[in-house]
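J.: work-v9.txt is reproduced in full below (compact mmCIF, C-alpha atoms and all ligand atoms).
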```txt
# COMPACT_ATOMS: atom_id res chain seq x y z
CA MET A 1 6.60 -49.10 -61.35
CA SER A 2 9.50 -50.56 -63.24
CA ASP A 3 10.10 -54.23 -63.92
CA ALA A 4 12.66 -55.64 -61.47
CA SER A 5 13.79 -58.29 -63.92
CA ARG A 6 15.15 -55.68 -66.32
CA GLU A 7 18.91 -54.99 -66.40
CA THR A 8 21.10 -55.93 -63.44
CA LEU A 9 21.58 -53.12 -60.97
CA LYS A 10 24.67 -50.98 -61.32
CA PHE A 11 26.76 -50.02 -58.29
CA ALA A 12 28.60 -46.75 -57.83
CA TYR A 13 30.55 -45.28 -54.94
CA TRP A 14 31.19 -41.66 -53.96
CA VAL A 15 34.80 -40.69 -54.58
CA PRO A 16 36.10 -39.14 -51.36
CA ASN A 17 37.96 -36.34 -53.16
CA VAL A 18 36.75 -33.96 -50.44
CA SER A 19 38.11 -34.17 -46.89
CA GLY A 20 36.04 -35.33 -43.92
CA GLY A 21 34.31 -38.28 -45.59
CA LEU A 22 30.60 -38.52 -46.29
CA VAL A 23 29.27 -37.88 -42.79
CA ILE A 24 29.54 -34.67 -40.74
CA SER A 25 30.69 -36.49 -37.62
CA ASP A 26 33.78 -36.79 -35.44
CA ILE A 27 33.52 -40.59 -35.48
CA GLU A 28 36.74 -42.26 -36.65
CA GLN A 29 36.78 -42.54 -40.46
CA ARG A 30 39.52 -44.60 -42.06
CA THR A 31 39.05 -42.71 -45.32
CA SER A 32 41.35 -40.21 -46.95
CA TRP A 33 40.79 -37.60 -49.65
CA THR A 34 44.31 -38.03 -51.08
CA ILE A 35 44.96 -39.28 -54.60
CA GLU A 36 47.04 -42.22 -53.35
CA TYR A 37 44.16 -43.49 -51.21
CA ASN A 38 41.67 -42.88 -53.99
CA ARG A 39 43.63 -44.63 -56.73
CA LYS A 40 43.85 -47.74 -54.57
CA LEU A 41 40.17 -47.43 -53.68
CA ALA A 42 39.24 -47.27 -57.39
CA GLN A 43 41.23 -50.47 -58.02
CA ILE A 44 39.54 -52.20 -55.09
CA ALA A 45 36.14 -51.02 -56.32
CA GLU A 46 36.52 -52.34 -59.84
CA ALA A 47 37.82 -55.67 -58.52
CA SER A 48 34.81 -55.79 -56.15
CA GLY A 49 32.15 -55.44 -58.85
CA PHE A 50 31.49 -51.69 -58.79
CA ASP A 51 30.59 -50.18 -62.16
CA TYR A 52 31.03 -46.45 -61.49
CA ALA A 53 32.80 -43.97 -59.21
CA LEU A 54 31.25 -40.51 -58.71
CA SER A 55 33.54 -37.57 -57.97
CA GLN A 56 32.35 -34.41 -56.23
CA ILE A 57 32.81 -30.78 -57.22
CA ARG A 58 33.24 -28.34 -54.36
CA PHE A 59 35.09 -25.02 -54.53
CA THR A 60 35.03 -24.11 -50.87
CA ALA A 61 34.15 -25.43 -47.42
CA GLY A 62 31.81 -23.52 -45.11
CA TYR A 63 30.42 -26.45 -43.13
CA GLY A 64 33.34 -28.91 -42.98
CA ALA A 65 34.84 -30.55 -46.08
CA GLU A 66 37.84 -28.28 -45.67
CA TYR A 67 39.96 -29.57 -48.56
CA GLN A 68 38.56 -30.37 -52.01
CA HIS A 69 40.34 -31.78 -55.06
CA GLU A 70 38.93 -30.71 -58.44
CA SER A 71 36.65 -33.33 -59.97
CA VAL A 72 37.66 -33.62 -63.66
CA ALA A 73 41.43 -33.83 -63.08
CA PHE A 74 40.88 -36.19 -60.15
CA SER A 75 38.55 -38.41 -62.18
CA HIS A 76 41.09 -38.66 -64.96
CA SER A 77 43.70 -39.85 -62.50
CA LEU A 78 41.34 -42.57 -61.23
CA LEU A 79 40.66 -43.66 -64.81
CA GLU A 80 44.39 -43.95 -65.43
CA ALA A 81 44.68 -46.21 -62.37
CA THR A 82 41.94 -48.61 -63.53
CA THR A 83 40.89 -50.55 -66.61
CA LYS A 84 37.12 -51.18 -66.37
CA LEU A 85 35.67 -48.71 -63.87
CA LYS A 86 33.71 -45.77 -65.29
CA VAL A 87 34.33 -42.51 -63.50
CA ILE A 88 31.73 -39.76 -63.39
CA ALA A 89 33.24 -36.28 -63.21
CA ALA A 90 31.07 -33.64 -61.54
CA ILE A 91 30.68 -30.41 -63.50
CA LEU A 92 29.02 -27.22 -62.29
CA PRO A 93 27.56 -24.89 -64.94
CA GLY A 94 28.72 -21.38 -64.20
CA PRO A 95 32.38 -22.05 -63.43
CA TRP A 96 32.35 -24.46 -66.41
CA VAL A 97 31.05 -23.43 -69.80
CA PRO A 98 29.92 -26.12 -72.27
CA ALA A 99 32.70 -25.49 -74.81
CA LEU A 100 35.42 -26.20 -72.24
CA ALA A 101 33.61 -29.12 -70.61
CA ALA A 102 32.90 -30.75 -73.99
CA LYS A 103 36.54 -30.43 -75.07
CA GLN A 104 37.99 -31.63 -71.74
CA ILE A 105 35.69 -34.65 -71.52
CA ALA A 106 36.17 -35.57 -75.21
CA THR A 107 39.92 -35.72 -74.63
CA ILE A 108 39.56 -37.82 -71.48
CA ASN A 109 37.15 -40.07 -73.39
CA HIS A 110 39.91 -40.72 -75.96
CA LEU A 111 42.58 -41.22 -73.32
CA THR A 112 40.54 -43.75 -71.34
CA ASN A 113 38.72 -45.78 -73.98
CA GLY A 114 35.36 -44.12 -73.38
CA ARG A 115 35.16 -44.66 -69.61
CA VAL A 116 34.48 -41.08 -68.52
CA ALA A 117 30.96 -39.78 -67.74
CA VAL A 118 29.74 -36.45 -66.34
CA ASN A 119 27.41 -35.41 -63.54
CA ILE A 120 25.90 -32.02 -64.26
CA VAL A 121 25.14 -30.46 -60.88
CA SER A 122 23.02 -27.35 -60.64
CA GLY A 123 24.32 -25.78 -57.42
CA TRP A 124 22.83 -25.24 -53.97
CA PHE A 125 25.73 -23.56 -52.16
CA ARG A 126 25.24 -19.83 -52.44
CA GLY A 127 28.27 -19.03 -50.26
CA GLU A 128 30.44 -20.97 -52.67
CA PHE A 129 29.20 -19.02 -55.70
CA HIS A 130 29.74 -15.78 -53.78
CA ALA A 131 33.28 -16.83 -52.78
CA ILE A 132 34.36 -17.50 -56.38
CA GLY A 133 32.59 -14.49 -57.90
CA GLU A 134 29.91 -16.43 -59.77
CA PRO A 135 26.46 -14.87 -60.17
CA TRP A 136 23.79 -16.76 -58.19
CA LEU A 137 20.65 -17.68 -60.12
CA ASP A 138 17.22 -18.54 -58.72
CA HIS A 139 16.46 -22.23 -58.23
CA ASP A 140 14.61 -22.91 -61.47
CA GLU A 141 16.89 -20.64 -63.48
CA ARG A 142 19.80 -22.83 -62.41
CA TYR A 143 18.02 -25.80 -63.96
CA ARG A 144 17.18 -23.88 -67.13
CA ARG A 145 20.89 -23.21 -67.45
CA SER A 146 21.80 -26.84 -66.70
CA GLU A 147 19.40 -28.06 -69.38
CA GLU A 148 20.95 -25.74 -71.96
CA PHE A 149 24.37 -26.92 -70.78
CA ILE A 150 23.41 -30.57 -71.40
CA ARG A 151 21.84 -29.81 -74.79
CA ALA A 152 25.00 -27.95 -75.77
CA LEU A 153 27.27 -30.81 -74.60
CA ARG A 154 25.33 -33.35 -76.64
CA GLY A 155 25.19 -31.11 -79.67
CA ILE A 156 28.94 -30.47 -79.58
CA TRP A 157 29.71 -34.16 -79.09
CA THR A 158 27.50 -35.41 -81.89
CA GLU A 159 27.07 -32.70 -84.56
CA ASP A 160 29.29 -30.85 -86.97
CA SER A 161 28.63 -27.14 -87.49
CA PHE A 162 26.73 -27.09 -84.22
CA THR A 163 24.56 -24.00 -83.87
CA PHE A 164 22.66 -23.28 -80.67
CA ARG A 165 20.77 -20.21 -79.54
CA GLY A 166 19.99 -20.39 -75.84
CA ASP A 167 19.48 -17.77 -73.14
CA PHE A 168 22.72 -18.80 -71.42
CA TYR A 169 24.87 -20.29 -74.20
CA ARG A 170 25.30 -19.62 -77.90
CA PHE A 171 27.22 -21.59 -80.52
CA THR A 172 27.68 -20.89 -84.22
CA ASP A 173 28.86 -23.51 -86.71
CA TYR A 174 31.07 -25.19 -84.12
CA SER A 175 32.72 -28.49 -85.04
CA LEU A 176 34.55 -30.20 -82.21
CA LYS A 177 37.41 -32.39 -83.40
CA PRO A 178 37.98 -35.04 -82.28
CA LYS A 179 34.52 -35.95 -81.08
CA PRO A 180 34.23 -38.59 -78.33
CA ILE A 181 34.54 -42.20 -79.44
CA ASP A 182 31.67 -44.55 -78.61
CA PRO A 183 30.38 -45.15 -76.04
CA GLN A 184 29.48 -41.47 -75.83
CA PRO A 185 30.03 -40.00 -72.36
CA GLU A 186 26.92 -40.64 -70.27
CA ILE A 187 25.28 -37.57 -68.76
CA PHE A 188 24.17 -37.86 -65.15
CA GLN A 189 22.31 -35.17 -63.26
CA GLY A 190 21.91 -34.51 -59.53
CA GLY A 191 18.80 -32.99 -57.93
CA SER A 192 15.19 -33.99 -57.31
CA SER A 193 13.01 -30.85 -57.33
CA ARG A 194 10.31 -30.57 -59.99
CA ALA A 195 12.70 -28.62 -62.23
CA ALA A 196 15.30 -31.37 -61.77
CA ARG A 197 12.81 -34.12 -62.56
CA ASP A 198 11.49 -32.31 -65.62
CA MET A 199 15.02 -31.81 -66.88
CA ALA A 200 15.76 -35.51 -66.37
CA SER A 201 12.66 -36.45 -68.33
CA ARG A 202 13.92 -34.41 -71.30
CA VAL A 203 17.71 -34.56 -71.54
CA SER A 204 19.65 -36.57 -68.92
CA ASP A 205 20.79 -40.18 -69.36
CA TRP A 206 20.72 -40.65 -65.59
CA TYR A 207 18.88 -38.98 -62.71
CA PHE A 208 20.56 -39.03 -59.29
CA THR A 209 18.48 -38.45 -56.21
CA ASN A 210 19.15 -38.29 -52.48
CA GLY A 211 18.56 -41.29 -50.24
CA ASN A 212 14.94 -42.18 -49.56
CA THR A 213 12.45 -44.96 -48.86
CA PRO A 214 11.38 -47.25 -51.74
CA GLU A 215 7.91 -45.63 -51.59
CA GLU A 216 9.32 -42.11 -52.08
CA ILE A 217 11.70 -43.29 -54.79
CA ALA A 218 8.79 -44.97 -56.59
CA ARG A 219 6.86 -41.67 -56.52
CA GLN A 220 9.78 -39.79 -58.10
CA VAL A 221 10.40 -42.52 -60.65
CA ASP A 222 6.74 -42.70 -61.70
CA ASP A 223 6.70 -38.94 -62.21
CA ILE A 224 9.92 -38.89 -64.24
CA GLN A 225 9.26 -42.00 -66.28
CA SER A 226 5.74 -40.98 -67.27
CA LYS A 227 7.04 -37.62 -68.47
CA ALA A 228 10.06 -39.20 -70.16
CA THR A 229 7.78 -41.58 -72.05
CA ALA A 230 5.66 -38.64 -73.20
CA ASN A 231 8.86 -36.88 -74.32
CA GLY A 232 10.17 -40.00 -76.10
CA HIS A 233 13.22 -39.90 -73.82
CA HIS A 234 14.95 -42.75 -71.96
CA VAL A 235 16.33 -41.96 -68.49
CA ARG A 236 17.69 -44.20 -65.77
CA VAL A 237 17.68 -43.60 -62.02
CA GLY A 238 20.45 -43.66 -59.40
CA VAL A 239 19.63 -43.58 -55.67
CA ASN A 240 22.02 -42.53 -52.94
CA ALA A 241 22.59 -44.61 -49.78
CA PHE A 242 25.07 -44.64 -46.94
CA ALA A 243 25.82 -48.31 -46.36
CA ILE A 244 26.70 -49.70 -42.95
CA VAL A 245 26.94 -53.45 -43.46
CA ARG A 246 28.20 -55.56 -40.60
CA ASP A 247 28.02 -59.24 -39.65
CA THR A 248 25.15 -58.50 -37.24
CA GLU A 249 22.33 -55.95 -37.33
CA GLU A 250 23.25 -54.78 -33.81
CA GLU A 251 26.77 -53.88 -34.91
CA ALA A 252 25.50 -51.95 -37.92
CA LYS A 253 22.92 -50.03 -35.88
CA ALA A 254 25.53 -49.25 -33.21
CA VAL A 255 27.74 -47.65 -35.87
CA LEU A 256 24.85 -45.48 -37.06
CA ALA A 257 24.12 -44.44 -33.47
CA GLU A 258 27.76 -43.52 -32.94
CA ILE A 259 27.88 -41.46 -36.15
CA ILE A 260 24.84 -39.47 -35.01
CA GLU A 261 26.05 -39.17 -31.43
CA LYS A 262 29.40 -37.78 -32.59
CA ALA A 263 27.86 -35.47 -35.22
CA ASN A 264 29.30 -31.98 -35.28
CA PRO A 265 26.17 -29.90 -34.55
CA GLU A 266 27.57 -26.57 -35.75
CA ALA A 267 28.70 -28.00 -39.09
CA VAL A 268 25.44 -29.96 -39.55
CA LYS A 269 23.40 -26.80 -38.87
CA ALA A 270 25.56 -24.74 -41.25
CA PHE A 271 25.05 -27.39 -43.95
CA GLY A 272 21.30 -27.49 -43.18
CA HIS A 273 21.20 -23.73 -43.61
CA GLU A 274 22.99 -23.80 -46.98
CA VAL A 275 20.85 -26.56 -48.47
CA LYS A 276 17.71 -24.45 -48.02
CA ASN A 277 18.80 -23.00 -51.36
CA ALA A 278 18.08 -26.40 -52.96
CA GLY A 279 14.62 -28.01 -53.20
CA LYS A 280 13.06 -25.79 -50.52
CA ALA A 281 13.87 -22.71 -52.61
CA SER A 282 12.02 -24.13 -55.63
CA PRO A 283 8.55 -22.74 -56.41
CA GLU A 284 6.89 -25.95 -55.15
CA GLY A 285 9.21 -26.28 -52.12
CA GLU A 286 10.10 -29.90 -52.87
CA GLY A 287 13.32 -31.65 -53.72
CA ASN A 288 16.58 -32.60 -52.08
CA TRP A 289 16.81 -31.85 -48.36
CA ALA A 290 13.31 -30.28 -48.29
CA LYS A 291 12.25 -32.72 -45.55
CA SER A 292 15.61 -33.62 -43.99
CA SER A 293 15.87 -33.92 -40.21
CA PHE A 294 19.06 -33.15 -38.24
CA GLU A 295 19.96 -36.88 -38.33
CA ASP A 296 19.41 -37.04 -42.09
CA LEU A 297 21.71 -34.06 -42.65
CA VAL A 298 24.61 -35.77 -40.86
CA GLN A 299 25.01 -37.64 -44.17
CA TYR A 300 25.37 -35.13 -47.01
CA ASN A 301 22.78 -36.70 -49.32
CA ASP A 302 20.21 -38.21 -46.92
CA GLY A 303 21.92 -41.58 -47.27
CA PHE A 304 20.60 -43.03 -43.99
CA ARG A 305 17.06 -42.75 -45.33
CA SER A 306 17.69 -45.58 -47.80
CA ASN A 307 18.30 -47.80 -44.76
CA LEU A 308 21.12 -49.95 -46.12
CA ILE A 309 22.13 -50.54 -42.52
CA GLY A 310 22.21 -54.15 -41.33
CA THR A 311 23.51 -57.58 -42.31
CA PRO A 312 24.47 -58.41 -45.91
CA GLN A 313 21.17 -60.28 -46.37
CA GLN A 314 19.04 -57.42 -45.01
CA VAL A 315 20.89 -54.88 -47.11
CA ALA A 316 20.66 -56.99 -50.27
CA GLU A 317 16.89 -57.35 -49.81
CA ARG A 318 16.46 -53.60 -49.27
CA ILE A 319 18.50 -52.94 -52.41
CA ILE A 320 16.10 -55.18 -54.32
CA ARG A 321 13.20 -53.12 -52.98
CA LEU A 322 14.86 -49.97 -54.30
CA LYS A 323 15.23 -51.71 -57.64
CA GLN A 324 11.56 -52.64 -57.56
CA ALA A 325 10.81 -48.98 -56.91
CA GLY A 326 12.62 -48.11 -60.14
CA ALA A 327 16.29 -47.66 -59.21
CA ASP A 328 18.77 -48.72 -61.88
CA LEU A 329 21.86 -47.83 -59.86
CA ILE A 330 22.74 -47.64 -56.18
CA LEU A 331 25.24 -44.94 -55.24
CA LEU A 332 27.06 -45.75 -52.02
CA GLY A 333 28.95 -43.91 -49.33
CA PHE A 334 30.87 -45.68 -46.56
CA LEU A 335 32.66 -44.81 -43.33
CA HIS A 336 35.90 -46.66 -44.11
CA PHE A 337 35.85 -46.70 -47.88
CA GLN A 338 38.62 -49.12 -48.89
CA GLU A 339 37.71 -51.85 -46.43
CA GLU A 340 33.94 -51.45 -46.75
CA VAL A 341 33.88 -51.32 -50.56
CA GLU A 342 35.72 -54.63 -50.52
CA TYR A 343 33.35 -56.11 -47.90
CA PHE A 344 30.33 -54.89 -49.87
CA GLY A 345 31.66 -56.47 -53.07
CA LYS A 346 32.33 -59.75 -51.33
CA HIS A 347 29.23 -60.08 -49.16
CA VAL A 348 26.41 -57.94 -50.58
CA ILE A 349 26.73 -57.76 -54.38
CA PRO A 350 26.64 -61.59 -54.80
CA LEU A 351 23.43 -61.73 -52.72
CA VAL A 352 21.88 -58.98 -54.84
CA ARG A 353 22.84 -60.85 -58.00
CA ALA A 354 21.33 -64.06 -56.61
CA LEU A 355 18.10 -62.25 -55.70
CA GLU A 356 17.95 -60.64 -59.12
CA GLU A 357 18.20 -64.10 -60.68
CA SER A 358 15.79 -65.90 -58.38
CA LYS A 359 12.07 -65.77 -57.80
CA GLU A 360 12.80 -64.38 -54.32
CA THR A 361 12.83 -60.98 -55.96
CA VAL A 362 9.07 -61.16 -56.22
CA ALA A 363 8.65 -62.24 -52.59
CA VAL A 364 10.94 -59.49 -51.36
CA ALA A 365 9.09 -56.88 -53.35
CA ALA A 366 5.73 -58.04 -52.09
CA GLU A 367 6.66 -57.58 -48.42
C1 LIG A 401 24.14 -37.87 -56.22
C2 LIG A 401 24.28 -36.38 -56.21
C3 LIG A 401 25.54 -35.81 -56.40
C4 LIG A 401 25.71 -34.44 -56.35
N1 LIG A 401 26.97 -33.92 -56.49
C5 LIG A 401 27.16 -32.59 -56.33
C6 LIG A 401 28.46 -32.03 -56.38
O1 LIG A 401 29.47 -32.73 -56.54
N2 LIG A 401 28.59 -30.68 -56.21
C7 LIG A 401 27.51 -29.86 -56.02
O2 LIG A 401 27.68 -28.67 -55.87
N3 LIG A 401 26.25 -30.37 -55.98
C8 LIG A 401 26.06 -31.70 -56.13
N4 LIG A 401 24.78 -32.21 -56.07
C9 LIG A 401 23.65 -31.28 -55.89
C10 LIG A 401 22.69 -31.20 -57.06
O3 LIG A 401 23.28 -30.89 -58.27
C11 LIG A 401 21.55 -30.19 -56.78
O4 LIG A 401 22.08 -28.89 -56.76
C12 LIG A 401 20.91 -30.45 -55.47
O5 LIG A 401 20.66 -31.82 -55.32
C13 LIG A 401 19.58 -29.68 -55.32
O6 LIG A 401 18.62 -30.29 -56.04
P1 LIG A 401 17.09 -29.89 -56.09
O7 LIG A 401 16.97 -28.47 -55.65
O8 LIG A 401 16.71 -30.10 -57.50
O9 LIG A 401 16.37 -30.84 -55.22
C14 LIG A 401 24.59 -33.59 -56.12
C15 LIG A 401 23.32 -34.19 -55.94
C16 LIG A 401 23.15 -35.55 -55.97
C17 LIG A 401 21.79 -36.14 -55.74
```
Show me the file's structure as structure tokens.
T.:
Amino acid sequence: MSDASRETLKFAYWVPNVSGGLVISDIEQRTSWTIEYNRKLAQIAEASGFDYALSQIRFTAGYGAEYQHESVAFSHSLLEATTKLKVIAAILPGPWVPALAAKQIATINHLTNGRVAVNIVSGWFRGEFHAIGEPWLDHDERYRRSEEFIRALRGIWTEDSFTFRGDFYRFTDYSLKPKPIDPQPEIFQGGSSRAARDMASRVSDWYFTNGNTPEEIARQVDDIQSKATANGHHVRVGVNAFAIVRDTEEEAKAVLAEIIEKANPEAVKAFGHEVKNAGKASPEGEGNWAKSSFEDLVQYNDGFRSNLIGTPQQVAERIIRLKQAGADLILLGFLHFQEEVEYFGKHVIPLVRALEESKETVAVAAE
């Protein structure tokens, strides 16, 4: 397990650039997918101590999420509205090819003083690929392609006369000009199957996984970090969570109960059907959503499982446990983004920082 006294935890939030918020529920959500709402949210987030914003890439609905803004253009707009926040643009190999992604991101890197990062997603939504005329690859083939994509991105960004002979991508003597300025764009990756973990242990700067208990996160982290060490690679870990932080535990739990009670069963089932193409479709049958219950699926990335639902003190302590399990970053979704990001920055992040500083960290971890 990792040392909890290492770097301070980073905080990220999901950019709601897709309609319907982060839960498949008819509960009231004071969140909007518009650019006006999101630019203000990004400003609130950076003033509240958030380090990163993560945009989503989605080409079509099928289970809710009816409207979707494109991730790279949207991310650039958020970067223009802020001065410190880093924005992670989601990129899906297939629709994107590495030459275009490398060029686009290098330009945004120059325009925003190096604050853009990428999240290379591997795809789980077969209906979406079908709708946009993209060939659908088997689970592990998707990761083989993603790994080549990442190797190509790095090569283009750092080498002149870049030559690459892969099964999916080929480059000959390619020199991108201008290359990104330092810091180089960080490369995040989403997915937790064995193929995803192996890829993280070889090429990704960051590994993003769905929400889970500290015990399950520790298992994933141990697997990845032992392989990364053997590969001489350094990778950091981001864990998803849906935060419901209220002044009392009862209030927070009541909100969770209402989200579940007002879940849209048809849309949740349709989503549950689609995500069978993720981890469950891998040779080992493990990975994101492989064990998700109906309640878990109400939040797109199993965010209730991380249990950041309670008072600021309870949530801060549970965040420290995730850090003890090996998380370097906590990725957060909220019901009412603008107001809850601000509340989280005011009431939870300072407690986390205090716990990180104090000996209480050890006591919390030992519970
Ligand atoms: C934090 C996070 C963000 C993700 N963002 C997207 C996204 O924007 N678009 C998308 O199609 N898939 C997204 N994914 C899905 C992953 O890229 C991957 O396809 C999925 O998690 C299945 O992983 P597995 O089969 O390796 O477990 C995301 C996953 C995670 C964990």
J.: Using all atoms listed in the file, which of A:Ala99, A:Ile330, A:Val235, A:Ile224 sits nearest ligand LIG 401 (chain A)?
T.: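 Smallest separation from ligand LIG 401 (chain A) among the options: A:Ile330.
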J.: Can I get the residues close to ligand LIG 401 (chain A) as a count of residues only, where close means within 9 Å and we count all atoms listed in the file?
T.: 58
J.: In Å, how far is it from atom CA of Leu308 of chain A to atom CA of Leu256 of chain A?
T.: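 Atom CA of Leu308 of chain A sits 10.8 Å away from atom CA of Leu256 of chain A.
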J.: Rounded to one decimal, what separation in Å do you get between atom CA of Ile349 of chain A and atom CA of Arg318 of chain A?
T.: 12.2 Å
J.: At what distance in Å, to one decimal, does atom CA of Ser25 of chain A lie from atom CA of Glu261 of chain A?
T.: 8.2 Å
J.: Measuring atom to atom with all atoms listed in the file, identify which of A:Ala327, A:Ala254, A:Ile24, A:Met199 is nearest to Ala218 of chain A.
T.: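 When distances to Ala218 of chain A are compared using all atoms listed in the file, the smallest one comes from A:Ala327.
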J.: When you count all atoms listed in the file, which of these residues is closest to Glu356 of chain A: A:Ile309, A:Ala47, A:Ala316, A:Leu22?
T.: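 Residue with the minimum atom-to-atom distance to Glu356 of chain A: A:Ala316.
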J.: Using all atoms listed in the file for the distances, tell me which of A:Ala61, A:Ile156, A:Val203, A:Ala106 is nearest to Phe129 of chain A.
T.: A:Ala61
J.: Taking only C-alpha atoms into account, name the residue in A:Thr158, A:Ser226, A:Gln220, A:Ser292 that is nearest to Asp182 of chain A.
T.: A:Thr158
J.: Skipping near chain neighbours, those fewer than 2 positions away, what residues fall within 12 Å of Asp160 of chain A using only C-alpha atoms, listed as a list in words?
T.: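 Everything that qualifies: Arg154, Gly155, Ile156, Trp157, Thr158, Phe162, Thr163, Phe164, Phe171, Thr172, Asp173, Tyr174, Ser175, Leu176, Lys177, Pro178 and Lys179 of chain A.
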J.: Counting only C-alpha atoms, what is within 12 Å of Glu249 of chain A, bar same-chain residues fewer than 6 positions away, as a list in words?
T.: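 These residues fall inside the cut-off: Val255, Leu256, Asn307, Leu308, Ile309, Gly310, Thr311, Pro312, Gln313, Gln314 and Val315 of chain A.
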J.: (30.5, -55.6, -46.0) in this file's frame - what residues fall within 8 Å of it? Use all atoms listed in the file and give the answer as a PDB file with C-alpha atoms, in the frame of the given file.
T.:
```
ATOM      1  CA  ILE A 244      26.700 -49.700 -42.950  1.00  0.00           C
ATOM      2  CA  VAL A 245      26.940 -53.450 -43.460  1.00  0.00           C
ATOM      3  CA  ARG A 246      28.200 -55.560 -40.600  1.00  0.00           C
ATOM      4  CA  ASP A 247      28.020 -59.240 -39.650  1.00  0.00           C
ATOM      5  CA  PRO A 312      24.470 -58.410 -45.910  1.00  0.00           C
ATOM      6  CA  GLU A 340      33.940 -51.450 -46.750  1.00  0.00           C
ATOM      7  CA  VAL A 341      33.880 -51.320 -50.560  1.00  0.00           C
ATOM      8  CA  GLU A 342      35.720 -54.630 -50.520  1.00  0.00           C
ATOM      9  CA  TYR A 343      33.350 -56.110 -47.900  1.00  0.00           C
ATOM     10  CA  PHE A 344      30.330 -54.890 -49.870  1.00  0.00           C
ATOM     11  CA  GLY A 345      31.660 -56.470 -53.070  1.00  0.00           C
ATOM     12  CA  LYS A 346      32.330 -59.750 -51.330  1.00  0.00           C
ATOM     13  CA  HIS A 347      29.230 -60.080 -49.160  1.00  0.00           C
ATOM     14  CA  VAL A 348      26.410 -57.940 -50.580  1.00  0.00           C
TER      15      VAL A 348
END
```
J.: Would you tabulate, counting only C-alpha atoms, all residues of segment 289-312 of chain A that have an atom at most 12 Å from an atom of segment 62-65 of chain A, showing the closest pair of atoms and their distance in Å to one decimal, sorted by chain then ascending number, as CSV?
T.:
```
residue,atom,partner,partner_atom,distance
A:Leu297,CA,A:Tyr63,CA,11.6
A:Val298,CA,A:Tyr63,CA,11.2
A:Tyr300,CA,A:Ala65,CA,10.6
```
J.: Suppose we keep C-alpha atoms; can you now write the selection as a PDB file, keeping the file's coordinate frame?
T.:
```pdb
ATOM      1  CA  LEU A 297      21.710 -34.060 -42.650  1.00  0.00           C
ATOM      2  CA  VAL A 298      24.610 -35.770 -40.860  1.00  0.00           C
ATOM      3  CA  TYR A 300      25.370 -35.130 -47.010  1.00  0.00           C
TER       4      TYR A 300
END
```
